[in-house]
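Asker: The file below is structure_4.tsv, TSV, C-alpha atoms:
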```
chain	number	residue	atom	x	y	z
A	15	MET	CA	-5.81	27.88	-22.40
A	16	LYS	CA	-7.55	30.33	-20.08
A	17	ASP	CA	-9.33	27.42	-18.35
A	18	PHE	CA	-5.96	25.82	-17.58
A	19	ILE	CA	-4.56	29.05	-16.16
A	20	ASN	CA	-7.61	29.62	-13.98
A	21	ALA	CA	-7.71	25.97	-12.91
A	22	TYR	CA	-4.11	26.17	-11.73
A	23	SER	CA	-4.63	29.13	-9.45
A	24	TRP	CA	-2.68	29.01	-6.18
A	25	ILE	CA	-5.87	28.35	-4.20
A	26	ASN	CA	-6.66	25.26	-6.28
A	27	ILE	CA	-3.07	23.98	-6.32
A	28	HIS	CA	-2.81	24.48	-2.56
A	29	TYR	CA	-6.05	22.53	-2.11
A	30	LEU	CA	-4.72	19.72	-4.28
A	31	LEU	CA	-1.48	19.66	-2.29
A	32	GLN	CA	-3.49	19.27	0.91
A	33	GLY	CA	-5.16	16.25	-0.66
A	34	LEU	CA	-1.78	14.92	-1.83
A	35	TRP	CA	-0.50	15.16	1.76
A	36	ILE	CA	-3.41	13.02	2.96
A	37	THR	CA	-2.76	10.53	0.14
A	38	VAL	CA	0.94	10.26	1.04
A	39	ALA	CA	0.30	10.07	4.80
A	40	VAL	CA	-2.33	7.36	4.44
A	41	SER	CA	-0.08	5.47	2.01
A	42	VAL	CA	2.99	5.59	4.29
A	43	VAL	CA	1.11	4.36	7.36
A	44	SER	CA	-0.62	1.65	5.31
A	45	ILE	CA	2.66	0.55	3.71
A	46	ILE	CA	4.36	0.21	7.09
A	47	GLY	CA	1.39	-1.62	8.61
A	48	SER	CA	0.84	-3.95	5.67
A	49	TYR	CA	4.56	-4.75	5.40
A	50	VAL	CA	4.86	-5.69	9.06
A	51	LEU	CA	1.60	-7.69	9.14
A	52	GLY	CA	2.21	-9.22	5.72
A	53	SER	CA	5.73	-10.33	6.67
A	54	ILE	CA	4.44	-12.04	9.81
A	55	LEU	CA	1.64	-13.78	7.89
A	56	GLY	CA	4.01	-14.80	5.09
A	57	ILE	CA	6.51	-16.33	7.49
A	58	ILE	CA	3.75	-18.15	9.38
A	59	ARG	CA	2.43	-19.56	6.13
A	60	TYR	CA	5.91	-20.63	5.03
A	61	VAL	CA	7.03	-22.40	8.20
A	62	ASN	CA	3.98	-24.70	8.21
A	63	ILE	CA	2.88	-24.46	11.81
A	64	LYS	CA	0.31	-27.17	12.45
A	65	ILE	CA	-3.28	-25.85	12.25
A	66	VAL	CA	-2.11	-22.19	12.42
A	67	SER	CA	-0.52	-22.03	8.95
A	68	PRO	CA	-3.52	-23.58	7.12
A	69	VAL	CA	-5.92	-21.23	8.92
A	70	VAL	CA	-3.74	-18.21	8.09
A	71	GLY	CA	-3.53	-19.40	4.50
A	72	LEU	CA	-7.32	-19.68	4.27
A	73	ILE	CA	-7.82	-16.17	5.67
A	74	ILE	CA	-5.24	-14.78	3.22
A	75	ASP	CA	-6.91	-16.47	0.26
A	76	ILE	CA	-10.34	-15.17	1.27
A	77	ILE	CA	-9.24	-11.55	1.73
A	78	ARG	CA	-7.09	-11.54	-1.42
A	79	ASN	CA	-10.11	-12.51	-3.50
A	80	LEU	CA	-12.40	-9.79	-2.13
A	81	PRO	CA	-12.70	-6.39	-3.84
A	82	LEU	CA	-10.76	-3.72	-1.97
A	83	LEU	CA	-13.76	-1.41	-2.26
A	84	LEU	CA	-15.84	-3.94	-0.31
A	85	ILE	CA	-13.27	-3.97	2.50
A	86	ILE	CA	-13.26	-0.16	2.56
A	87	PHE	CA	-17.06	-0.17	2.83
A	88	PHE	CA	-16.91	-2.72	5.65
A	89	THR	CA	-14.36	-0.76	7.70
A	90	TYR	CA	-16.26	2.51	7.31
A	91	PHE	CA	-19.90	1.36	7.43
A	92	GLY	CA	-19.63	-2.09	9.05
A	93	LEU	CA	-17.28	-1.51	11.98
A	94	PRO	CA	-19.60	1.10	13.58
A	95	ASN	CA	-22.14	-1.71	14.03
A	96	LEU	CA	-19.49	-3.49	16.10
A	97	GLY	CA	-18.93	-0.46	18.30
A	98	PHE	CA	-15.88	0.99	16.53
A	99	ARG	CA	-16.32	4.18	14.52
A	100	PRO	CA	-13.15	5.00	12.56
A	101	SER	CA	-12.79	8.27	10.66
A	102	SER	CA	-12.50	8.08	6.87
A	103	VAL	CA	-8.71	8.31	7.23
A	104	TRP	CA	-8.41	5.44	9.69
A	105	ALA	CA	-11.02	3.35	7.87
A	106	THR	CA	-8.90	3.67	4.72
A	107	ILE	CA	-5.69	2.80	6.57
A	108	ILE	CA	-7.29	-0.26	8.16
A	109	ALA	CA	-8.77	-1.45	4.86
A	110	LEU	CA	-5.55	-0.95	2.89
A	111	THR	CA	-3.42	-2.54	5.61
A	112	VAL	CA	-5.61	-5.64	5.84
A	113	PHE	CA	-5.96	-6.07	2.08
A	114	GLU	CA	-2.37	-5.30	1.09
A	115	SER	CA	-0.91	-7.41	3.92
A	116	THR	CA	-2.43	-10.51	2.32
A	117	MET	CA	-0.75	-9.64	-0.98
A	118	ILE	CA	2.56	-8.99	0.74
A	119	ALA	CA	2.24	-12.25	2.70
A	120	GLU	CA	2.32	-14.16	-0.59
A	121	ILE	CA	5.29	-12.13	-1.82
A	122	VAL	CA	7.17	-12.86	1.41
A	123	ARG	CA	6.29	-16.56	1.32
A	124	SER	CA	7.39	-16.84	-2.31
A	125	GLY	CA	10.58	-14.88	-1.64
A	126	ILE	CA	11.58	-17.17	1.23
A	127	ALA	CA	10.73	-20.26	-0.80
A	128	ALA	CA	12.96	-18.99	-3.62
A	129	VAL	CA	16.07	-19.12	-1.38
A	130	ASP	CA	18.16	-22.27	-1.89
A	131	PRO	CA	17.15	-24.84	0.80
A	132	GLY	CA	20.83	-25.57	1.23
A	133	GLN	CA	21.22	-22.19	2.92
A	134	MET	CA	19.01	-23.29	5.80
A	135	GLU	CA	20.69	-26.68	6.01
A	136	GLY	CA	24.14	-25.09	6.10
A	137	ALA	CA	23.10	-22.61	8.78
A	138	ARG	CA	21.61	-25.35	10.96
A	139	ALA	CA	24.74	-27.46	10.46
A	140	ASN	CA	26.81	-24.55	11.80
A	141	GLY	CA	24.82	-24.47	15.04
A	142	LEU	CA	22.20	-21.80	14.33
A	143	THR	CA	18.66	-22.37	15.53
A	144	TYR	CA	15.84	-22.30	12.98
A	145	GLY	CA	14.87	-18.78	14.07
A	146	GLN	CA	18.46	-17.50	13.92
A	147	ALA	CA	18.99	-19.03	10.50
A	148	MET	CA	15.75	-17.51	9.23
A	149	TYR	CA	16.59	-14.03	10.57
A	150	HIS	CA	20.30	-13.85	9.72
A	151	ILE	CA	20.60	-16.03	6.61
A	152	ILE	CA	17.29	-16.64	4.81
A	153	LEU	CA	15.37	-13.36	5.17
A	154	PRO	CA	18.22	-11.06	3.99
A	155	GLN	CA	18.56	-13.13	0.82
A	156	ALA	CA	14.82	-13.35	0.33
A	157	MET	CA	14.48	-9.58	0.74
A	158	LYS	CA	16.65	-8.96	-2.30
A	159	LYS	CA	14.34	-11.15	-4.37
A	160	MET	CA	11.21	-9.50	-2.95
A	161	ILE	CA	12.07	-5.84	-3.53
A	162	PRO	CA	10.67	-5.49	-7.10
A	163	ALA	CA	7.39	-7.23	-6.20
A	164	LEU	CA	7.06	-5.31	-2.93
A	165	VAL	CA	7.61	-1.95	-4.61
A	166	SER	CA	5.06	-2.81	-7.28
A	167	GLN	CA	2.56	-3.66	-4.55
A	168	PHE	CA	3.30	-0.46	-2.65
A	169	ILE	CA	2.77	1.59	-5.80
A	170	SER	CA	-0.57	-0.15	-6.29
A	171	LEU	CA	-1.43	0.72	-2.69
A	172	ILE	CA	-0.72	4.41	-3.31
A	173	LYS	CA	-3.02	4.43	-6.33
A	174	ASP	CA	-5.67	2.44	-4.48
A	175	THR	CA	-6.09	5.25	-1.96
A	176	SER	CA	-8.20	6.98	-4.61
A	177	LEU	CA	-10.92	4.37	-4.02
A	178	ALA	CA	-11.49	5.87	-0.58
A	179	THR	CA	-12.98	8.94	-2.24
A	180	ILE	CA	-16.21	6.95	-1.98
A	181	ILE	CA	-16.11	7.35	1.83
A	182	VAL	CA	-15.12	11.02	1.54
A	183	LEU	CA	-11.44	10.62	2.34
A	184	PRO	CA	-10.06	14.15	1.75
A	185	ASP	CA	-7.28	12.85	-0.50
A	186	LEU	CA	-5.95	14.10	-3.84
A	187	MET	CA	-8.79	12.64	-5.92
A	188	HIS	CA	-11.47	13.91	-3.55
A	189	ASN	CA	-10.09	17.45	-3.51
A	190	ALA	CA	-9.77	17.47	-7.29
A	191	GLN	CA	-13.43	16.50	-7.55
A	192	ILE	CA	-14.33	19.42	-5.30
A	193	VAL	CA	-12.39	21.81	-7.56
A	194	TYR	CA	-13.82	20.69	-10.90
A	195	GLY	CA	-17.25	20.28	-9.33
A	196	GLN	CA	-17.33	24.07	-9.02
A	197	ASN	CA	-16.39	24.58	-12.67
A	198	SER	CA	-16.79	21.81	-15.26
A	199	THR	CA	-14.13	23.39	-17.51
A	200	TYR	CA	-11.54	22.45	-14.87
A	201	ILE	CA	-12.08	18.70	-15.35
A	202	LEU	CA	-9.26	18.15	-17.87
A	203	PRO	CA	-6.73	20.40	-16.06
A	204	MET	CA	-7.50	18.66	-12.75
A	205	PHE	CA	-7.12	15.17	-14.23
A	206	LEU	CA	-3.82	16.20	-15.78
A	207	MET	CA	-2.55	17.58	-12.47
A	208	ILE	CA	-3.70	14.46	-10.59
A	209	ALA	CA	-1.81	12.27	-13.07
A	210	ILE	CA	1.35	14.35	-12.64
A	211	MET	CA	1.19	14.22	-8.84
A	212	TYR	CA	0.55	10.46	-8.71
A	213	PHE	CA	3.38	9.92	-11.19
A	214	ILE	CA	5.83	11.96	-9.11
A	215	VAL	CA	5.02	10.04	-5.92
A	216	CYS	CA	5.07	6.59	-7.54
A	217	TYR	CA	8.17	7.29	-9.62
A	218	ALA	CA	10.01	8.56	-6.54
A	219	LEU	CA	9.22	5.26	-4.81
A	220	SER	CA	10.52	3.34	-7.85
A	221	VAL	CA	13.79	5.32	-7.84
A	222	LEU	CA	14.17	4.74	-4.10
A	223	SER	CA	13.65	1.00	-4.55
A	224	ARG	CA	16.25	0.79	-7.32
A	225	SER	CA	18.75	2.61	-5.11
A	226	LEU	CA	18.00	0.24	-2.23
A	227	GLU	CA	18.34	-2.77	-4.55
A	228	ARG	CA	21.78	-1.60	-5.73
A	229	ARG	CA	22.96	-1.11	-2.17
A	230	MET	CA	21.77	-4.54	-1.10
A	231	SER	CA	23.46	-6.18	-4.06
```
Just dump the structure as structure tokens.

Answerer:
Amino acid sequence: MKDFINAYSWINIHYLLQGLWITVAVSVVSIIGSYVLGSILGIIRYVNIKIVSPVVGLIIDIIRNLPLLLIIFFTYFGLPNLGFRPSSVWATIIALTVFESTMIAEIVRSGIAAVDPGQMEGARANGLTYGQAMYHIILPQAMKKMIPALVSQFISLIKDTSLATIIVLPDLMHNAQIVYGQNSTYILPMFLMIAIMYFIVCYALSVLSRSLERRMS
């Protein structure tokens, strides 16, 4: 019991909260970037643009089947050989954005494909262009279908930030390792606190998504 009390001193908790802030910040930027890029890639793959769509599809399939850790290594250790030296924070954001955008692209493509084709036909019959019909009619309906899958992917992204500990990203997991590295009796208390903090962040996102889903319905 004494180990738990000592492990949860204000200094240690404050240090963990600093790591949690980095985790949340990296996750938010990566979520925004991957959603925007993934939506564009998903739409391109769905509309079947000659040559472009097959190439985009090939790139998506390749990246989706690579380990995320490999992509993190490439952005942090490989990009400097190309003249670009990102910090551990930006290397993580780039890696997560690239990897998760390919997952989101498939969710977007599947969500659009799940909308009744008659919706597009009806919109075109009423004088809307393909782009207008896609933006005003198809995508809003597809979004409702995509929310659960998107939220699940975003939650996975948040948890995947812990992989960047390998490139010394000062996130929650990294800071916890620093704390229990100084005292091995803090290992269990730190793991318990990490689990609680990840749960709070991920559960908050789940609650937010359910609220958004109810409003859209």

Asker: Return as a Markdown table the residues of segment 24-132 of chain A lying at most 12 Å from segment 160-176 of chain A, together with the closest atom-to-atom pair for each and the distance in Å to one decimal, counting all atoms listed in the file, with rows in chain order and ascending residue number.

Answerer:
```
| residue | atom | partner | partner_atom | distance |
| --- | --- | --- | --- | --- |
| A:Gly33 | CA | A:Ser176 | CA | 10.5 |
| A:Leu34 | CA | A:Ser176 | CA | 10.6 |
| A:Trp35 | CA | A:Ile172 | CA | 11.9 |
| A:Ile36 | CA | A:Thr175 | CA | 9.6 |
| A:Thr37 | CA | A:Thr175 | CA | 6.6 |
| A:Val38 | CA | A:Ile172 | CA | 7.5 |
| A:Ala39 | CA | A:Ile172 | CA | 9.9 |
| A:Val40 | CA | A:Thr175 | CA | 7.7 |
| A:Ser41 | CA | A:Ile172 | CA | 5.5 |
| A:Val42 | CA | A:Ile172 | CA | 8.5 |
| A:Val43 | CA | A:Ile172 | CA | 10.8 |
| A:Ser44 | CA | A:Leu171 | CA | 8.1 |
| A:Ile45 | CA | A:Phe168 | CA | 6.5 |
| A:Ile46 | CA | A:Phe168 | CA | 9.8 |
| A:Gly47 | CA | A:Phe168 | CA | 11.5 |
| A:Ser48 | CA | A:Phe168 | CA | 9.4 |
| A:Tyr49 | CA | A:Leu164 | CA | 8.7 |
| A:Gly52 | CA | A:Leu164 | CA | 10.7 |
| A:Ser53 | CA | A:Leu164 | CA | 10.9 |
| A:Pro81 | CA | A:Asp174 | CA | 11.3 |
| A:Leu82 | CA | A:Asp174 | CA | 8.4 |
| A:Leu83 | CA | A:Asp174 | CA | 9.2 |
| A:Ile86 | CA | A:Thr175 | CA | 10.1 |
| A:Ser102 | CA | A:Thr175 | CA | 11.3 |
| A:Val103 | CA | A:Thr175 | CA | 10.0 |
| A:Trp104 | CA | A:Thr175 | CA | 11.9 |
| A:Ala105 | CA | A:Thr175 | CA | 11.2 |
| A:Thr106 | CA | A:Thr175 | CA | 7.4 |
| A:Ile107 | CA | A:Thr175 | CA | 8.9 |
| A:Ile108 | CA | A:Thr175 | CA | 11.6 |
| A:Ala109 | CA | A:Thr175 | CA | 9.9 |
| A:Leu110 | CA | A:Leu171 | CA | 7.1 |
| A:Thr111 | CA | A:Leu171 | CA | 9.1 |
| A:Val112 | CA | A:Leu171 | CA | 11.4 |
| A:Phe113 | CA | A:Leu171 | CA | 9.5 |
| A:Glu114 | CA | A:Leu171 | CA | 7.2 |
| A:Ser115 | CA | A:Gln167 | CA | 9.9 |
| A:Thr116 | CA | A:Gln167 | CA | 10.9 |
| A:Met117 | CA | A:Gln167 | CA | 7.7 |
| A:Ile118 | CA | A:Leu164 | CA | 6.9 |
| A:Ala119 | CA | A:Leu164 | CA | 10.2 |
| A:Glu120 | CA | A:Ala163 | CA | 10.3 |
| A:Ile121 | CA | A:Met160 | CA | 6.6 |
| A:Val122 | CA | A:Met160 | CA | 6.8 |
| A:Arg123 | CA | A:Met160 | CA | 9.6 |
| A:Ser124 | CA | A:Met160 | CA | 8.3 |
| A:Gly125 | CA | A:Met160 | CA | 5.6 |
| A:Ile126 | CA | A:Met160 | CA | 8.7 |
| A:Ala127 | CA | A:Met160 | CA | 11.0 |
| A:Ala128 | CA | A:Met160 | CA | 9.7 |
| A:Val129 | CA | A:Met160 | CA | 10.9 |
```

Asker: Quick one: distance from atom CA of Ile152 of chain A to atom CA of Met134 of chain A in Å, one decimal?

Answerer: 6.9 Å

Asker: Kindly give the distance, in Å, that separates atom CA of Tyr200 of chain A and atom CA of Phe18 of chain A, rounded to a single decimal.

Answerer: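 Going from atom CA of Tyr200 of chain A over to atom CA of Phe18 of chain A covers 7.1 Å.
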
Asker: As an exercise, work out the distance from atom CA of Ile19 of chain A to atom CA of Asn189 of chain A in Å and give it to one decimal place.

Answerer: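 It comes out at 18.0 Å.
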
Asker: With distances taken over only C-alpha atoms, which residue among A:Lys158, A:Leu84, A:Arg59, A:Gly97 lies nearest Leu72 of chain A?

Answerer: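 Among A:Lys158, A:Leu84, A:Arg59, A:Gly97, it is A:Arg59 that comes nearest to Leu72 of chain A.
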
Asker: Could you tell me which of A:Phe98, A:Tyr194, A:Phe87, A:Tyr144 comes closest to Val182 of chain A if we count only C-alpha atoms?

Answerer: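 Ranking A:Phe98, A:Tyr194, A:Phe87, A:Tyr144 by distance to Val182 of chain A, first place goes to A:Phe87.
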